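Colleague: My structure is stored as upload.cif, with mmCIF, C-alpha atoms and all ligand atoms.
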```
data_input
loop_
_atom_site.label_atom_id
_atom_site.label_comp_id
_atom_site.auth_asym_id
_atom_site.auth_seq_id
_atom_site.Cartn_x
_atom_site.Cartn_y
_atom_site.Cartn_z
CA MET M 379 0.20 -23.38 -31.04
CA PRO M 380 -3.57 -23.29 -30.35
CA ASP M 381 -5.35 -20.06 -31.24
CA VAL M 382 -4.45 -17.32 -28.81
CA ARG M 383 -6.78 -14.34 -28.42
CA PHE M 384 -5.13 -10.96 -28.34
CA LYS M 385 -5.87 -7.46 -27.17
CA ILE M 386 -4.40 -4.35 -28.69
CA CYS M 387 -4.33 -1.73 -25.96
CA GLY M 388 -4.08 2.05 -26.22
CA LEU M 389 -5.66 2.78 -29.59
CA THR M 390 -5.86 6.47 -30.39
CA ALA M 391 -7.09 6.80 -34.00
CA PRO M 392 -9.60 5.22 -36.42
CA ASP M 393 -6.94 3.63 -38.64
CA GLN M 394 -5.54 1.87 -35.57
CA VAL M 395 -8.97 0.49 -34.69
CA ARG M 396 -9.32 -0.87 -38.23
CA ALA M 397 -5.83 -2.36 -38.17
CA ALA M 398 -6.52 -4.16 -34.89
CA ALA M 399 -9.88 -5.50 -36.07
CA ASP M 400 -8.52 -6.54 -39.48
CA ALA M 401 -5.70 -8.45 -37.80
CA GLY M 402 -8.23 -10.40 -35.74
CA ALA M 403 -7.96 -8.78 -32.31
CA GLY M 404 -10.44 -10.18 -29.80
CA TYR M 405 -10.24 -7.03 -27.66
CA VAL M 406 -9.25 -3.40 -28.12
CA GLY M 407 -8.30 -1.12 -25.25
CA PHE M 408 -8.86 2.60 -24.71
CA VAL M 409 -6.73 4.32 -22.08
CA PHE M 410 -8.15 6.89 -19.68
CA PHE M 411 -5.09 8.14 -17.83
CA PRO M 412 -4.04 11.75 -18.42
CA LYS M 413 -0.29 11.12 -18.09
CA SER M 414 -0.37 8.52 -20.85
CA PRO M 415 0.51 9.27 -24.49
CA ARG M 416 -2.50 7.03 -25.25
CA ASN M 417 -4.95 8.96 -23.11
CA LEU M 418 -8.37 9.66 -24.65
CA ASP M 419 -11.16 11.96 -23.62
CA VAL M 420 -14.57 10.34 -23.50
CA SER M 421 -15.87 11.85 -26.73
CA ARG M 422 -12.85 10.68 -28.73
CA ALA M 423 -13.10 7.25 -27.11
CA ALA M 424 -16.80 7.07 -28.02
CA GLU M 425 -15.99 7.91 -31.66
CA LEU M 426 -13.40 5.13 -31.78
CA ALA M 427 -15.59 2.65 -29.93
CA HIS M 428 -18.34 3.07 -32.52
CA LEU M 429 -15.89 1.93 -35.19
CA VAL M 430 -15.14 -1.36 -33.46
CA PRO M 431 -16.83 -4.28 -35.23
CA VAL M 432 -19.30 -6.49 -33.37
CA GLY M 433 -17.45 -9.40 -31.79
CA VAL M 434 -14.41 -7.37 -30.77
CA ALA M 435 -14.60 -6.47 -27.08
CA LYS M 436 -14.10 -2.81 -26.18
CA VAL M 437 -12.15 -2.36 -22.96
CA ALA M 438 -11.72 0.87 -20.98
CA LEU M 439 -8.45 1.01 -19.04
CA VAL M 440 -8.61 3.15 -15.91
CA VAL M 441 -6.27 3.75 -12.98
CA ASN M 442 -7.71 4.20 -9.48
CA ALA M 443 -10.77 5.82 -11.07
CA THR M 444 -13.49 7.41 -8.95
CA ASP M 445 -17.15 6.56 -9.43
CA GLU M 446 -17.59 9.98 -11.01
CA GLU M 447 -14.87 9.32 -13.58
CA LEU M 448 -16.29 5.89 -14.32
CA ASP M 449 -19.80 7.33 -14.66
CA GLY M 450 -18.49 9.74 -17.29
CA ILE M 451 -16.79 6.97 -19.26
CA VAL M 452 -19.49 4.32 -19.03
CA SER M 453 -22.32 6.72 -19.87
CA THR M 454 -20.62 7.95 -23.06
CA VAL M 455 -18.51 5.11 -24.42
CA PRO M 456 -20.07 1.79 -25.46
CA LEU M 457 -17.99 -0.77 -23.59
CA ASP M 458 -17.74 -4.49 -22.94
CA MET M 459 -15.24 -4.51 -20.09
CA LEU M 460 -13.36 -2.35 -17.58
CA GLN M 461 -9.64 -2.90 -17.01
CA LEU M 462 -8.46 -1.72 -13.60
CA HIS M 463 -4.78 -0.89 -13.83
CA GLY M 464 -4.16 0.87 -10.54
CA LYS M 465 -3.98 -0.08 -6.87
CA GLU M 466 -7.66 -1.01 -6.61
CA LEU M 467 -8.19 -3.33 -3.63
CA PRO M 468 -10.41 -6.43 -4.01
CA GLU M 469 -13.33 -4.62 -2.33
CA ARG M 470 -13.10 -1.80 -4.85
CA VAL M 471 -13.01 -4.29 -7.74
CA SER M 472 -16.26 -5.86 -6.46
CA GLU M 473 -17.85 -2.47 -5.95
CA ILE M 474 -17.02 -1.32 -9.51
CA ARG M 475 -18.23 -4.58 -10.99
CA GLU M 476 -21.58 -4.32 -9.23
CA ARG M 477 -22.11 -0.60 -9.72
CA PHE M 478 -21.27 -0.46 -13.42
CA GLY M 479 -22.56 -3.87 -14.49
CA LEU M 480 -19.57 -4.63 -16.70
CA PRO M 481 -17.07 -7.47 -16.46
CA VAL M 482 -13.86 -6.33 -14.81
CA MET M 483 -10.29 -7.31 -15.64
CA LYS M 484 -7.80 -6.56 -12.85
CA ALA M 485 -4.17 -5.95 -13.76
CA ILE M 486 -1.63 -7.60 -11.50
CA GLY M 487 1.98 -6.49 -11.62
CA VAL M 488 4.55 -9.26 -11.39
CA ALA M 489 8.26 -8.94 -10.79
CA GLU M 490 8.96 -11.88 -8.49
CA ALA M 491 7.31 -15.10 -7.28
CA GLU M 492 5.68 -13.50 -4.25
CA ASP M 493 3.67 -11.18 -6.51
CA LEU M 494 1.73 -14.20 -7.77
CA ALA M 495 -0.25 -14.38 -4.51
CA ALA M 496 -2.38 -11.49 -5.78
CA ILE M 497 -3.66 -13.75 -8.55
CA ASP M 498 -5.58 -15.93 -6.09
CA LEU M 499 -6.80 -12.90 -4.17
CA TYR M 500 -8.22 -11.13 -7.21
CA SER M 501 -9.58 -14.35 -8.70
CA GLU M 502 -12.30 -14.05 -6.04
CA VAL M 503 -13.60 -10.74 -7.36
CA ALA M 504 -12.53 -10.11 -10.97
CA ASP M 505 -13.88 -11.68 -14.16
CA GLN M 506 -10.46 -11.76 -15.78
CA LEU M 507 -6.89 -11.06 -14.76
CA LEU M 508 -4.16 -9.29 -16.68
CA ILE M 509 -0.78 -10.55 -15.58
CA ASP M 510 1.59 -7.73 -16.45
CA ALA M 511 5.10 -6.58 -15.59
CA LYS M 512 5.28 -4.57 -12.38
CA PRO M 513 6.23 -1.01 -13.32
CA PRO M 514 9.60 0.30 -12.14
CA ARG M 515 9.29 2.45 -9.01
CA GLU M 516 10.13 5.65 -10.88
CA ALA M 517 7.78 4.96 -13.82
CA GLU M 518 5.24 7.63 -14.78
CA LEU M 519 2.83 4.97 -16.00
CA PRO M 520 1.58 1.94 -14.06
CA GLY M 521 1.50 -0.04 -17.33
CA GLY M 522 2.23 0.31 -21.00
CA ASN M 523 5.96 0.57 -20.33
CA GLY M 524 7.05 -2.11 -22.79
CA LEU M 525 8.73 -4.11 -20.04
CA ALA M 526 8.55 -7.88 -19.74
CA PHE M 527 8.78 -9.90 -16.53
CA ASP M 528 10.40 -13.28 -16.10
CA TRP M 529 7.91 -15.58 -17.84
CA ARG M 530 9.45 -18.58 -16.09
CA LEU M 531 7.46 -17.46 -13.02
CA LEU M 532 4.31 -18.66 -14.82
CA ALA M 533 5.78 -21.79 -16.38
CA GLY M 534 3.73 -24.86 -15.57
CA ARG M 535 0.70 -22.80 -14.47
CA LYS M 536 -1.48 -23.33 -17.52
CA TYR M 537 -4.66 -23.05 -15.48
CA TRP M 538 -5.83 -20.26 -13.19
CA ARG M 539 -9.30 -19.92 -11.69
CA ARG M 540 -10.14 -17.02 -14.00
CA PRO M 541 -9.39 -16.36 -17.65
CA TRP M 542 -6.17 -14.38 -17.83
CA MET M 543 -4.04 -12.46 -20.28
CA LEU M 544 -0.29 -12.22 -20.41
CA ALA M 545 1.03 -8.66 -20.84
CA GLY M 546 4.21 -6.66 -20.55
CA GLY M 547 6.82 -6.06 -23.20
CA LEU M 548 5.31 -8.40 -25.75
CA THR M 549 6.33 -7.85 -29.38
CA PRO M 550 5.90 -9.67 -32.69
CA LEU M 551 9.34 -11.18 -32.07
CA ASN M 552 8.88 -12.54 -28.57
CA VAL M 553 5.16 -13.30 -28.23
CA ALA M 554 5.32 -16.87 -29.54
CA GLU M 555 8.03 -17.72 -27.02
CA ALA M 556 6.08 -16.00 -24.23
CA VAL M 557 3.00 -18.08 -25.03
CA ARG M 558 5.05 -21.26 -25.21
CA MET M 559 6.66 -20.63 -21.83
CA THR M 560 3.57 -19.51 -19.94
CA GLY M 561 0.73 -21.42 -21.61
CA ALA M 562 -1.18 -18.14 -22.02
CA ARG M 563 -4.33 -18.37 -24.15
CA GLN M 564 -4.75 -14.60 -24.28
CA VAL M 565 -2.16 -11.84 -24.65
CA ASP M 566 -2.18 -8.06 -24.47
CA VAL M 567 0.16 -5.64 -26.22
CA SER M 568 0.63 -1.91 -26.45
CA THR M 569 4.17 -0.57 -26.86
CA GLY M 570 5.35 -3.55 -28.89
CA VAL M 571 3.09 -2.64 -31.82
CA GLU M 572 3.80 1.10 -31.80
CA SER M 573 5.96 3.18 -34.14
CA ALA M 574 5.96 6.03 -31.58
CA PRO M 575 4.32 6.49 -28.16
CA GLY M 576 0.56 6.37 -28.75
CA VAL M 577 0.84 5.49 -32.44
CA LYS M 578 -0.04 1.90 -33.28
CA ASP M 579 1.52 0.54 -36.46
CA ALA M 580 -0.65 -1.58 -38.75
CA ALA M 581 2.27 -3.70 -40.01
CA LEU M 582 3.44 -4.45 -36.46
CA ILE M 583 -0.11 -5.38 -35.45
CA ARG M 584 -0.28 -7.79 -38.40
CA ASP M 585 3.13 -9.24 -37.49
CA PHE M 586 1.97 -9.71 -33.89
CA ALA M 587 -1.16 -11.54 -35.04
CA SER M 588 0.86 -13.70 -37.45
CA ALA M 589 3.26 -14.67 -34.70
CA LEU M 590 0.33 -16.12 -32.77
CA ARG M 591 -0.84 -18.39 -35.60
O1 LIG U 1 -0.73 2.27 -22.00
C1 LIG U 1 -0.72 3.13 -21.13
O2 LIG U 1 -0.33 4.28 -21.39
C2 LIG U 1 -1.13 2.81 -19.74
C3 LIG U 1 -1.30 3.82 -18.83
C4 LIG U 1 -1.68 3.52 -17.55
C5 LIG U 1 -1.90 2.23 -17.15
C6 LIG U 1 -1.73 1.20 -18.06
C7 LIG U 1 -1.35 1.48 -19.35
N1 LIG U 1 -1.17 0.48 -20.26
C8 LIG U 1 -1.36 -0.89 -20.00
C9 LIG U 1 -1.28 -1.67 -21.26
O3 LIG U 1 -1.32 -1.16 -22.32
C10 LIG U 1 -1.22 -3.11 -21.23
O4 LIG U 1 -2.39 -3.57 -20.60
C11 LIG U 1 0.03 -3.72 -20.65
O5 LIG U 1 0.53 -2.99 -19.55
C12 LIG U 1 1.09 -3.97 -21.66
O6 LIG U 1 1.75 -2.85 -22.07
P1 LIG U 1 3.08 -2.99 -22.95
O7 LIG U 1 4.15 -3.54 -22.07
O8 LIG U 1 3.37 -1.62 -23.41
O9 LIG U 1 2.75 -3.90 -24.08
#
```
How does the structure come out when it is put into structure tokens?

Modeller:
Amino acid sequence: MPDVRFKICGLTAPDQVRAAADAGAGYVGFVFFPKSPRNLDVSRAAELAHLVPVGVAKVALVVNATDEELDGIVSTVPLDMLQLHGKELPERVSEIRERFGLPVMKAIGVAEAEDLAAIDLYSEVADQLLIDAKPPREAELPGGNGLAFDWRLLAGRKYWRRPWMLAGGLTPLNVAEAVRMTGARQVDVSTGVESAPGVKDAALIRDFASALR
């Protein structure tokens, strides 16, 4: 398997940042969504972001954020990318990208083949795409639910117009198979490397990284 870059999303403490960096993460994600067990305020996120080694991209995950909310995050937390995990329309993605001057990764929820149309749509405006499981209708969170989608929907599509990450229910035990089936060159994980909601586990992060080698 060729080297696959990975993102550990939803870090909440310094030891978790170190564990992700030591395991070779290419990206780390900080969640700004009050209902999430991984939610950070901007000062805590800034503290954690300053611990991230050079070369590891720091990503802020937001959900339908206003300009005011984004101003607060971007002015306090050193960042390399914004991850839009809500119902942001393509026009809003463009607007955020221009206004904040950061690359934008748009999350796209997939449950069935027709959901893949959004990939082409958002390829016009986003720098990267995160192809994730669509959350169940009753879910409190629009992501980070530890649910996988049917990876066969992506089989044979090794190339998209934008760099993309596979996400949704990945774990140290299934990620190699997910990569094999989808051809993903980047993957994103949250729940699958946690010992409890919001608590990343260093051993699981190492296992996840090992599974990709
Ligand atoms: O993690 C959260 O709490 C969260 C809250 C709101 C929107 C998105 C959220 N997480 C997204 C992710 O962590 C990942 O990008 C992705 O959905 C994979 O999550 P998981 O299935 O838990 O590995």

Colleague: Return as CSV the residues of chain M lying at most 8 Å from ligand LIG 1 (chain U), together with the closest atom-to-atom pair for each and the distance in Å to one decimal, counting only C-alpha atoms and all ligand atoms, with rows in chain order and ascending residue number.

Modeller:
```
residue,atom,partner,partner_atom,distance
M:Ile386,CA,U:LIG1,O3,7.8
M:Cys387,CA,U:LIG1,O3,4.8
M:Gly388,CA,U:LIG1,O1,5.4
M:Gly407,CA,U:LIG1,O3,7.6
M:Val409,CA,U:LIG1,C1,6.2
M:Phe410,CA,U:LIG1,C3,7.6
M:Phe411,CA,U:LIG1,C4,5.7
M:Lys413,CA,U:LIG1,C3,7.4
M:Ser414,CA,U:LIG1,O2,4.3
M:Pro415,CA,U:LIG1,O2,5.9
M:Arg416,CA,U:LIG1,O2,5.2
M:Asn417,CA,U:LIG1,O2,6.8
M:Leu439,CA,U:LIG1,C6,6.8
M:Val440,CA,U:LIG1,C5,6.9
M:Val441,CA,U:LIG1,C5,6.2
M:His463,CA,U:LIG1,C5,5.4
M:Gly464,CA,U:LIG1,C5,7.1
M:Ala485,CA,U:LIG1,O4,7.5
M:Leu508,CA,U:LIG1,O4,7.2
M:Asp510,CA,U:LIG1,O5,5.8
M:Ala511,CA,U:LIG1,O5,7.0
M:Leu519,CA,U:LIG1,C4,5.0
M:Pro520,CA,U:LIG1,C5,4.7
M:Gly521,CA,U:LIG1,C6,3.5
M:Gly522,CA,U:LIG1,O8,3.3
M:Asn523,CA,U:LIG1,O8,4.6
M:Gly524,CA,U:LIG1,O7,3.3
M:Leu525,CA,U:LIG1,O7,5.0
M:Ala526,CA,U:LIG1,O7,6.6
M:Ala545,CA,U:LIG1,C12,4.8
M:Gly546,CA,U:LIG1,O7,3.5
M:Gly547,CA,U:LIG1,O7,3.8
M:Leu548,CA,U:LIG1,O9,5.4
M:Thr549,CA,U:LIG1,O9,7.5
M:Asp566,CA,U:LIG1,O4,5.9
M:Val567,CA,U:LIG1,O9,3.8
M:Ser568,CA,U:LIG1,O9,3.8
M:Thr569,CA,U:LIG1,O8,3.7
M:Gly570,CA,U:LIG1,O9,5.5
M:Val571,CA,U:LIG1,O9,7.8
M:Gly576,CA,U:LIG1,O2,7.7
```

Colleague: Write out as a ChimeraX atom specification each polymer residue whose atoms come within 9 Å of Ala399 in chain M, counting all atoms listed in the file; drop sequence neighbours fewer than 4 positions from it.

Modeller: /M:394-395,403-406,430-431,434

Colleague: Quick one: everything within 9 Å of range 530-542 of chain M, counting all atoms listed in the file, minus sequence neighbours fewer than 3 positions away in the same chain. Send it as a PDB file with C-alpha atoms, in the coordinates of the input.

Modeller:
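Okay, this is what ended up in around23.pdb:
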```pdb
ATOM      1  CA  MET M 483     -10.290  -7.310 -15.640  1.00  0.00           C
ATOM      2  CA  VAL M 488       4.550  -9.260 -11.390  1.00  0.00           C
ATOM      3  CA  ALA M 489       8.260  -8.940 -10.790  1.00  0.00           C
ATOM      4  CA  GLU M 490       8.960 -11.880  -8.490  1.00  0.00           C
ATOM      5  CA  ALA M 491       7.310 -15.100  -7.280  1.00  0.00           C
ATOM      6  CA  LEU M 494       1.730 -14.200  -7.770  1.00  0.00           C
ATOM      7  CA  ILE M 497      -3.660 -13.750  -8.550  1.00  0.00           C
ATOM      8  CA  ASP M 498      -5.580 -15.930  -6.090  1.00  0.00           C
ATOM      9  CA  SER M 501      -9.580 -14.350  -8.700  1.00  0.00           C
ATOM     10  CA  GLU M 502     -12.300 -14.050  -6.040  1.00  0.00           C
ATOM     11  CA  ALA M 504     -12.530 -10.110 -10.970  1.00  0.00           C
ATOM     12  CA  ASP M 505     -13.880 -11.680 -14.160  1.00  0.00           C
ATOM     13  CA  GLN M 506     -10.460 -11.760 -15.780  1.00  0.00           C
ATOM     14  CA  LEU M 507      -6.890 -11.060 -14.760  1.00  0.00           C
ATOM     15  CA  LEU M 508      -4.160  -9.290 -16.680  1.00  0.00           C
ATOM     16  CA  ILE M 509      -0.780 -10.550 -15.580  1.00  0.00           C
ATOM     17  CA  PHE M 527       8.780  -9.900 -16.530  1.00  0.00           C
ATOM     18  CA  ARG M 558       5.050 -21.260 -25.210  1.00  0.00           C
ATOM     19  CA  MET M 559       6.660 -20.630 -21.830  1.00  0.00           C
ATOM     20  CA  THR M 560       3.570 -19.510 -19.940  1.00  0.00           C
ATOM     21  CA  GLY M 561       0.730 -21.420 -21.610  1.00  0.00           C
ATOM     22  CA  ALA M 562      -1.180 -18.140 -22.020  1.00  0.00           C
ATOM     23  CA  ARG M 563      -4.330 -18.370 -24.150  1.00  0.00           C
ATOM     24  CA  GLN M 564      -4.750 -14.600 -24.280  1.00  0.00           C
ATOM     25  CA  VAL M 565      -2.160 -11.840 -24.650  1.00  0.00           C
TER      26      VAL M 565
END
```

Colleague: What residues have an atom no more than 12 Å from (-14.0, 11.7, -11.8) in the file's own frame, counting all atoms listed in the file, and can you write them as number ranges by chain?

Modeller: M: 410-412, 420, 440-452

Colleague: Report the distance between CA of Gly433 in chain M and CA of Asp400 in chain M in Å, rounded to one decimal place.

Modeller: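 One can read the CA of Gly433 in chain M to CA of Asp400 in chain M distance as 12.1 Å.
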
Colleague: Rank nothing, just name the residue among M:Leu467, M:Glu572, M:Ala554, M:Ile474 nearest to Ser588 in chain M, using all atoms listed in the file.

Modeller: M:Ala554

Colleague: For CA of Val553 in chain M and CA of Ala401 in chain M, determine how far apart the two atoms are, in Å to one decimal place.

Modeller: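 So the answer is 15.3 Å.
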
Colleague: Taking only C-alpha atoms into account, which of M:Val557, M:Ala397, M:Arg383, M:Tyr500 comes nearest Asp585 in chain M?

Modeller: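 Once distances to Asp585 in chain M are computed over only C-alpha atoms, the minimum belongs to M:Ala397.
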
Colleague: For the atom pair CA of Phe408 in chain M and CA of Ala438 in chain M, what is the interatomic distance in Å to one decimal place?

Modeller: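 Distance reported for this atom pair: 5.0 Å.
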
Colleague: Between M:Lys578, M:Glu518, M:Asp528, M:Val437, which one has atoms that come closest to Val482 in chain M, using only C-alpha atoms?

Modeller: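 Closest residue, counting only C-alpha atoms: M:Val437.
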
Colleague: Would you mind putting N, CA and C atoms back on range 481-513 of chain M and writing the result as a tab-separated table (two decimals), keeping the file's coordinate frame?

Modeller:
```
chain	number	residue	atom	x	y	z
M	481	PRO	N	-18.15	-6.60	-16.93
M	481	PRO	CA	-17.07	-7.47	-16.46
M	481	PRO	C	-15.81	-6.64	-16.20
M	482	VAL	N	-15.05	-7.07	-15.22
M	482	VAL	CA	-13.86	-6.33	-14.81
M	482	VAL	C	-12.63	-7.22	-14.96
M	483	MET	N	-11.59	-6.63	-15.55
M	483	MET	CA	-10.29	-7.31	-15.64
M	483	MET	C	-9.33	-6.54	-14.74
M	484	LYS	N	-8.75	-7.23	-13.77
M	484	LYS	CA	-7.80	-6.56	-12.85
M	484	LYS	C	-6.37	-6.86	-13.28
M	485	ALA	N	-5.59	-5.79	-13.43
M	485	ALA	CA	-4.17	-5.95	-13.76
M	485	ALA	C	-3.38	-6.26	-12.50
M	486	ILE	N	-2.49	-7.21	-12.62
M	486	ILE	CA	-1.63	-7.60	-11.50
M	486	ILE	C	-0.17	-7.50	-11.95
M	487	GLY	N	0.57	-6.69	-11.25
M	487	GLY	CA	1.98	-6.49	-11.62
M	487	GLY	C	2.85	-7.58	-11.02
M	488	VAL	N	3.69	-8.16	-11.85
M	488	VAL	CA	4.55	-9.26	-11.39
M	488	VAL	C	6.01	-8.93	-11.66
M	489	ALA	N	6.82	-9.06	-10.62
M	489	ALA	CA	8.26	-8.94	-10.79
M	489	ALA	C	8.96	-10.16	-10.19
M	490	GLU	N	8.35	-10.73	-9.15
M	490	GLU	CA	8.96	-11.88	-8.49
M	490	GLU	C	7.87	-12.85	-8.02
M	491	ALA	N	8.27	-14.03	-7.59
M	491	ALA	CA	7.31	-15.10	-7.28
M	491	ALA	C	6.26	-14.66	-6.26
M	492	GLU	N	6.66	-13.85	-5.30
M	492	GLU	CA	5.68	-13.50	-4.25
M	492	GLU	C	4.53	-12.63	-4.79
M	493	ASP	N	4.74	-12.00	-5.92
M	493	ASP	CA	3.67	-11.18	-6.51
M	493	ASP	C	2.51	-12.04	-7.02
M	494	LEU	N	2.77	-13.32	-7.21
M	494	LEU	CA	1.73	-14.20	-7.77
M	494	LEU	C	0.59	-14.45	-6.78
M	495	ALA	N	0.82	-14.16	-5.50
M	495	ALA	CA	-0.25	-14.38	-4.51
M	495	ALA	C	-1.48	-13.53	-4.85
M	496	ALA	N	-1.25	-12.38	-5.44
M	496	ALA	CA	-2.38	-11.49	-5.78
M	496	ALA	C	-3.32	-12.15	-6.79
M	497	ILE	N	-2.82	-13.10	-7.54
M	497	ILE	CA	-3.66	-13.75	-8.55
M	497	ILE	C	-4.81	-14.48	-7.87
M	498	ASP	N	-4.51	-15.22	-6.82
M	498	ASP	CA	-5.58	-15.93	-6.09
M	498	ASP	C	-6.54	-14.96	-5.43
M	499	LEU	N	-5.98	-13.91	-4.86
M	499	LEU	CA	-6.80	-12.90	-4.17
M	499	LEU	C	-7.81	-12.27	-5.14
M	500	TYR	N	-7.34	-11.82	-6.27
M	500	TYR	CA	-8.22	-11.13	-7.21
M	500	TYR	C	-9.08	-12.09	-8.01
M	501	SER	N	-8.73	-13.37	-8.02
M	501	SER	CA	-9.58	-14.35	-8.70
M	501	SER	C	-10.96	-14.42	-8.04
M	502	GLU	N	-11.02	-14.01	-6.76
M	502	GLU	CA	-12.30	-14.05	-6.04
M	502	GLU	C	-13.27	-12.98	-6.54
M	503	VAL	N	-12.74	-11.91	-7.12
M	503	VAL	CA	-13.60	-10.74	-7.36
M	503	VAL	C	-13.61	-10.26	-8.82
M	504	ALA	N	-12.61	-10.62	-9.59
M	504	ALA	CA	-12.53	-10.11	-10.97
M	504	ALA	C	-13.00	-11.18	-11.95
M	505	ASP	N	-13.45	-10.73	-13.13
M	505	ASP	CA	-13.88	-11.68	-14.16
M	505	ASP	C	-12.68	-12.21	-14.93
M	506	GLN	N	-11.68	-11.36	-15.09
M	506	GLN	CA	-10.46	-11.76	-15.78
M	506	GLN	C	-9.29	-11.11	-15.06
M	507	LEU	N	-8.11	-11.64	-15.32
M	507	LEU	CA	-6.89	-11.06	-14.76
M	507	LEU	C	-5.94	-10.74	-15.89
M	508	LEU	N	-5.20	-9.66	-15.72
M	508	LEU	CA	-4.16	-9.29	-16.68
M	508	LEU	C	-2.84	-9.39	-15.94
M	509	ILE	N	-2.03	-10.34	-16.30
M	509	ILE	CA	-0.78	-10.55	-15.58
M	509	ILE	C	0.31	-9.81	-16.35
M	510	ASP	N	0.76	-8.71	-15.76
M	510	ASP	CA	1.59	-7.73	-16.45
M	510	ASP	C	2.90	-7.56	-15.68
M	511	ALA	N	3.86	-6.91	-16.31
M	511	ALA	CA	5.10	-6.58	-15.59
M	511	ALA	C	4.81	-5.50	-14.56
M	512	LYS	N	5.41	-5.63	-13.39
M	512	LYS	CA	5.28	-4.57	-12.38
M	512	LYS	C	6.06	-3.36	-12.87
M	513	PRO	N	5.47	-2.17	-12.81
M	513	PRO	CA	6.23	-1.01	-13.32
M	513	PRO	C	7.41	-0.68	-12.42
```
